[in-house]
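Everything below concerns the one structure shown next.
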Amino acid sequence: MPMQSWNVGIDVGGTFTDIAAVNLSDGRMEVLKLPSTPASPDAAMLEGVARLAARIGISPADFIRFAHGTTVATNALIQERGARLALVTTQGFRDVLEIGRQVRPHMFDFHTDAPRPLVPQERRFELRERLLADGSVHVPLDEDEIARIVDAVAASGADACVVCLLHAYRNPDHERRIGAALRSRLPDLFLSLSHEVHPEFREFERFSTTAINGFVQPEMARYLARLERGLADLGCRAKIGINQSSGGLMPLSRAAQLPVRTALSGPAAGIVGVLETLGDASGGDFITLDMGGTSADVSLVRGFTPAFTYEREIEGRPVKLASVDINAVGAGGGSVAWLDTDGLMKVGPQSAGAVPGPACYRKGGDQPTVSDANLALGRLSPSLLDGAMELDVAAAERVIAAIADPLGLTAQETALGIVEIVNATMVGAIRQISVERGLDPSGFDLVAFGGAGPLHGAEVARALGIARVIIPARPGLLCAEGLLNAPLREDYVQALGVSLDPRGMAALGDAAAELMARARAWFESEGESAAGSAGLGVDLRFVGQNYELRLPLPEDATEDSLRAAFVARHAEMYGHADAHAPIEIVALRAEAVMPLPRAAEAAARAVSGPPVPTGTRDVTYGPEGPLTAQVFRRDGLSAGHRFAGPAIVEQVDSTIVIGPRDIAHADGRGNLIIELTHD
Amino acid sequence: MTDLSADETRMSATEGPQGDSTGERAALSPIRLQLLQNALTSITDEMFSALTRTAFSGNIKERRDHSTAIIDIEGNLVAQASQSLPIHLSGLIGLVGAIRAAHPLETIRPGDMFIANDPHEGGGSHLPDINTAEPVFIGGTLVCFVCTIAHHSDIGGARAGSMASGLTEIWQEGIRIPLIKLYSAGRRIDDIWNMILLNMRMREERLGDFNAQFAASRLGLRRMEELSARVDAPTLRAAFAGILDATERRMRSAIAAIPDGTYSFEDVMDGDGLEVFDIPIRVTMTVAGDAIAMDFAGTGAQVPGNINLVFNGLQSTVSFALKVLLDPRAPNNSGLLRPVTITAPEGSVVNAVAPAAVAHRVQTGMRVVDVIFGALAAVLPRAVTAASNGSNTSAMFYGRNPRTGREYVYFETLGGGSGARLGRDGKDGVQAGLTNTSNLPVEAIEAEYPLLVEGYNLIEGSGGAGRTRGGRGIARAIRPLGHVTEFSGSGERFRVAPWGLEGGAPGRTGQFSLRRDGAEAPEALPEKASRVTIGPDAVLVIETPGGGGWGDPAGRKIGDA
């Protein structure tokens with residue numbers, strides 16, 4: 001057999017490990033879904049890689065590139081299984097991680113606490129040194145003090161250490177010196193310096209991001225080493241890229257150094273997958289709805305560019321690194337419907353999860369869930385995963401009847417109500433990222449994926465005035481698919497804190513040259529291609545403000561053009577701006593992106609007219625009762641097929657619901673596009 | 001709006017199995033009601049975020065000192081934005097009552113807008129909070145008002161900022177606006193508008209914040225009109241009633257679980273900011289079935305200093321405390337207070353009358369929360385906490401930056417320890433009670449002001465000892481660099497310590513002190529310190545109170561932390 005070249009994307013979730021592989025020469029794609037092995041996630045992956053290679057009929061050595069989305073860091077943090085961590089910080093600031101922003105997590109609930117600091121008090125060491133906000137030295141750091149602290153860290157038995165000094169984002173010298181001393185004395189210690197992890201001001205957020213990095217570092221390093229070895233044992237020498245929260249890949253060595261960058265990477269792969277598979281199905285402005293078993297993630301994309309944020313938290317702990325901006329709500333297939341003490345029905349945020357799961361899953365669940373309602377309404381297919389999973393319709397109807405009685409409603413009204421309420425939760429989440437930011441969602445398409453997104457997409461879109469819903473070809477495997485084509489990405493930032501004036505512009509120019517040089521050095525070190533490109537962005541604010549706005553920094557930017565752009569953006573965001581107020585340049589950022597070799601496009605066979613249904617079934621859409629819907633198989637749809645609702649499309653990883661007056665058609669990339677009829 | 005179109009039918013009061021076309025109280029199904037409640041709350045949330053986004057002042061934009069709401073024509077609060085401040089409930093409770101007293105409903109026209117701020121005459125709770133209300137007409141019928149509250153950083157009066165201690169009459173605190181009509185049928189009444197603006201400092205910022213309030217109000221109006229395309233006026237009114245009934249039910253079911261009986265508690269405040277003296281705050285609660293009668297007889301008379309609470313403020317404080325204890329996830333609406341009867345002696349510090357000064361009413365509100373917790377501690381041990389730092393410790397530094405030559409004002413409120421809980425220590429270094437504002441990062445302070453923060457840490461041993469200990473207070477030490485600054489501060493529980501429960505020790509009191517380089521001991525400052533001069537050879541140390549402990553310290557076990 002001739003040598004082949006395949007790219008592999010592997011997304012490890014809590015329940016399933018999804019693998020997608022594409023042949024770079026002809027675009028042929030193969031996918032595999034297998035149960036995850038949470039105790040040792042690499043086990044399922046390695047098994048899957050071997051099985052997939054065997055199924056394709058190639059050697060694992062033919063996998064030349066390996067892109068991996070992992071939740072190892074996230075899980076270590078959520079389960080608080082991490083390093084025995086030490087902290088070295090400026091004298092007087094031992095408790096920054098514990099005080100945080102001094103707010104309680106919930107205004108009215110006095111019994112919900114902020115998460116415990118990742119470093120206990122006995123392993124926080126105060127260093128006698130002090131820098132000022134301009135980076136100048138107020139109290140010098142002397143060698144005796146370094147030796148004292150290194151001894152203390154050594155004696156603490158820590159296996160990882162974070163160094164977080166005040167104003168280190170402005171002057172990293174003290175952090176570097178103590179870091180070098182720790183490294184030479186304790187070579188096995190995992191070490192994170194705050195100016196390397198997140199070189200920006202606001203101490204709590206920087207310390208928190210750095211502490212998370214240190215906390216998950218040993219676990220992640222062990223995992224990645226095991227993975228690399230396991231692949232080598234299979235004869236696979238693929239270059240490994242690890243997915244970041246920003247939606248790009250980083251090399252293995254970088255991931256071992258900065259594992260915090262993977263902490264929010266789960267949803268990012270899905271968005272990249274959407275961008276890859278959509279093609280010209282959308283004009284580029286769309287809202288994504290990724291609905292799974294326990295929650296729904298929504299995000300907004302304009303001009304094929306996802307929104308980014310630097311303001312995320314994991315379980316109440318801030319992580320200030322670039323991540324795709326996702327709004328997550330507790331609305332999933334497993335969300336439980338319950339009767340509250342006020343006599344009204346609520347749905348979620350509690351979820352029946354994977355165990356016991358919805359009542360219809362036959363795993364002991366006895367509370368009505370969204371999936372039970374979908375099944376009772378005929379929307380969800382009674383047989384999932386190509387018949388591998390038979391659902392219990394009677395159980396679903398039984399648990400719904402049990403809540404319908406005290407409500408004084410029929411089972412059908414209750415099931416419809418469950419779906420309406422969970423849809424309202426998702427509609428609210430989408431309004432928050434559109435209407436509340438001054439954008440009308442009716443100008444966007446809705447791209448629905450995840451196991452449950454295609455069941456709810458059309459109704460959610462209708463409530464928002466959206467005209468088109470797009471369901472990608474493999475809505476349950478989109479993350480693995482996204483990884484296949486994700487670029488390498490590196491984010492750089494330099495704190496500035498200078499005025500927008502001629503001197504500040506000079507500092508900005510120097511910083512820009514510096515960051516671009518770093519990006520170029522990185523492109524060269526990867527040696528991949530000359531196709532790398534870097535974009536600059538600048539964070540500005542009016543002097544005295546406590547929040548920044550991010551603007552692109554074009555090469556020909558001048559003081560006047562930056563001022564004009566900032567004033568315009570401020571006015572757009574906040575409704576006002578003082579054109580003459582002094583402006584501060586807070587930070588400069590560079591996003592360097594290096595696309596990887598891509599597969600050729602597989603050619604689609606075009607047909608026309610309606611596809612052949614596999615049958616019909618009764619589906620309840622509204623209070624008027626069941627309608628007879630045609631049922632299609634997704635793999636029976638080809639480009640050009642067009643049909644009208646009421647209809648159901650079944651596929652291995654999802655079920656698509658098409659409303660009574662809606663029209664669906666398939667495009668050449670395997671997307672199903674539903675045109676909605678509005679009143 | 002949102003979800004309501006999903007069934008593609010226009011909702012009307014006649015729908016549903018118990019349909020009743022006769023009007024006001026037509027039954028809506030528990031699902032319709034939940035959907036409408038979500039829709040109304042999301043309108044107030046959207047108004048809230050619009051107000052945050054477009055405001056000028058940091059007080060609204062960053063501290064989020066504002067609220068938005070929908071109030072029905074009887075004056076019931078139907079929906080309030082999720083992030084609204086608890087104390088703002090007071091301004092909302094009084095608002096529509098004040099409208100009806102001055103403007104009969106039949107005289108109100110589309111495009112009218114009312115504003116007020118006066119706690120004694122306009123339904124407000126202190127002057128900086130300006131309340132607006134705009135009528136919503138559906139099919140020609142007045143169905144409700146959309147309302148906003150924003151704390152303006154200056155409302156005139158004797159001192160800039162309108163929040164200075166030491167004032168004794170409401171007239172000194174700023175411009176008093178009774179309930180007045182600012183817009184008539186869509187047209188602003190400029191005579192009034194100009195007079196109001198002339199009485200406030202920082203005109204540009206005031207204009208910006210007012211415009212943000214007006215924009216949020218108009219947005220609420222538009223969203224209500226969109227909702228009315230799917231829900232008619234009788235259905236909406238039925239939904240308002242149904243929502244309040246539902247919230248009342250959840251409160252009653254929680255109250256019914258409290259054993260019947262009479263519970264009382266008393267605490268005293270440090271002083272009124274002018275003088276140090278005991279100000280008793282006393283509550284006697286009678287729980288009978290699913291109702292509570294709460295009486296504040298025995299509470300001290302209103303005081304000359306500006307910590308007086310008017311009755312609306314007392315109601316919102318009680319509403320907050322009961323929601324915290326009984327049902328933290330309950331919606332914010334008037335149904336919360338329906339099972340509760342509140343009485344307080346007229347002219348007391350919790351039911352103050354004109355011309356009482358009220359700017360720092362929250363200090364008293366904090367203590368009201370503590371005494372309600374104390375009274376119910378024996379019967380709701382899992383819900384209450386021991387006394388918390390009970391204070392809104394504030395610190396202000398005023399000086400001239402030697403680098404720029406410009407004046408600066410650095411203002412901050414600090415959290416402290418909250419009270420210990422049954423089986424769990426109190427929270428360390430957080431905002432307690434009625435407020436939940438965040439701190440300013442040290443790196444931001446030092447970049448902006450000529451100040452050096454020499455330490456910012458939790459105070460060891462400040463949480464009251466106990467089987468579970470109280471939360472620890474915060475210490476922050478600040479030194480002016482290269483200039484002389486002027487410090488003013490305000491604290492509570494600097495003299496009367498936060499109490500423990502079941503034998504737990506009290507938390508440590510707070511204090512302001514000055515540590516001069518080379519001096520033997522720090523120099524204590526008063527708890528309402530005014531204009532203390534500090535040079536670069538001294539450090540001002542703010543120490544906030546710790547929370548009270550719970551249970552005998554001897555019984556503490558390893559797992560109790």
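Residues in the structure tokens are named by chain (A, B, ... in the order shown) and by number from 1 within that chain; ligands are numbered from 1 in the order shown.
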
(request) Do a neighbour search on stretch 202-218 of chain B at 6 Å with only C-alpha atoms, toss out local chain neighbours closer than 2 positions, and write the hits as an NGL selection string. (result) :B and (47 or 50-51 or 54-56 or 220-221)

(message) Show me, as a ChimeraX atom specification, the residues that have an atom within 12 Å of B:Ala375 when counting only C-alpha atoms, minus same-chain residues fewer than 4 positions from it.
(response) /B:261-267,281-287,294-296,321-322,325,368-371,379-381,384-387,501

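Using only C-alpha atoms, the smallest distance between any of B:Asn131, B:Asn401, B:Asn333, B:Ser253 and chain A comes from B:Ser253.
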
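If you take only C-alpha atoms and a cut-off of 6 Å, the residues of chain B that reach chain A are Thr2, Asp3, Ser5, Asp7, Pro30, Ile31, Arg53, Thr54, Ala246, Thr247, Arg249, Arg250, Val324, Pro328, Gly429, Val430, Gln431, Asn436, Ser438, Asn439, Pro441, Glu443, Glu446, Ala447, Gly455, Tyr456 and Asn457 of chain B.
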
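Look at stretch 383-391 of chain A: the protein and nucleic acid residues within 9 Å of it, using only C-alpha atoms and passing over chain neighbours fewer than 4 places away, are Ala359, Cys360, Tyr361, Arg362, Leu375, Ala395, Ala396, Glu650, Gln651, Val652, Asp653, Ser654 and Thr655 of chain A.
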
Please, could you write that set of residues out with C-alpha atoms as a compact mmCIF listing (two decimals), in the first residue's frame?
# COMPACT_ATOMS: atom_id res chain seq x y z
CA ALA A 359 -36.06 8.14 32.77
CA CYS A 360 -36.26 6.93 29.17
CA TYR A 361 -32.60 5.81 29.27
CA ARG A 362 -33.49 2.82 31.49
CA LEU A 375 -39.50 11.41 23.41
CA ALA A 395 -41.10 5.41 31.32
CA ALA A 396 -40.93 8.90 29.81
CA GLU A 650 -32.39 10.82 12.26
CA GLN A 651 -28.67 10.25 12.43
CA VAL A 652 -26.31 8.35 14.67
CA ASP A 653 -25.33 11.30 16.79
CA SER A 654 -28.49 13.44 16.82
CA THR A 655 -32.11 13.98 15.79

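Those residues that approach B:Arg515 to within 9 Å, counting only C-alpha atoms, are Ser513, Asp517, Gly518, Ala519, Glu520, Ala521, Pro522, Glu523, Ala524, Asp537, Ala538, Val539, Leu540 and Val541 of chain B; same-chain residues fewer than 2 positions away are not listed.
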
(message) as number ranges by chain, please: the residues near stretch 348-352 of chain B (cut-off 6 Å, only C-alpha atoms, same-chain neighbours under 4 positions excluded).
(response) B: 300-302, 308-311

(message) With DSSP run on the backbone, what are the strand (DSSP E or B) residues within stretch 63-244 of chain A? I'd like them as a PyMOL selection string.
(response) chain A and resi 63-69+85-90+124-127+130-131+137-139+160-164+190-193+239-243

(message) Need to verify the contact set: A:Met291, 12 Å, only C-alpha atoms, exclusion of same-chain residues closer than 2 positions in sequence. Can you return it as a VMD selection string?
(response) chain A and resid 267 270 288 to 289 293 to 299 327 to 335 370 to 371 422 to 423 425 to 426 447 to 457 460 475 to 476 654

(message) Applying 9 Å and only C-alpha atoms, which residues near stretch 419-423 of chain B remain after dropping the ones on its own chain fewer than 4 positions away? List them as number ranges by chain.
(response) A: 111; B: 381-389, 427, 432, 463-464, 466-471, 498-501, 504, 507, 546-551, 560-561

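Minimum atom-to-atom distance to A:Ser533, evaluated using only C-alpha atoms, belongs to A:Arg489 out of A:Asn243, A:Ile58, A:Gly443, A:Arg489.
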
(request) For atom CA of B:Pro536 and atom CA of B:His483, determine how far apart the two atoms are, in Å to one decimal place. (result) 6.2 Å

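Interatomic distance, atom CA of A:Asn171 against atom CA of A:Asp159: 26.4 Å.
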
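With atom CA of A:Ser156 on one side and atom CA of A:Arg84 on the other, the separation reads 9.2 Å.
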
(request) Enumerate as a ChimeraX atom specification all residues of stretch 116-280 of chain B assigned to alpha helix (DSSP H) by DSSP on the backbone, naming them with the chain letters and numbers the document uses. (result) /B:190-198,203-228,233-256
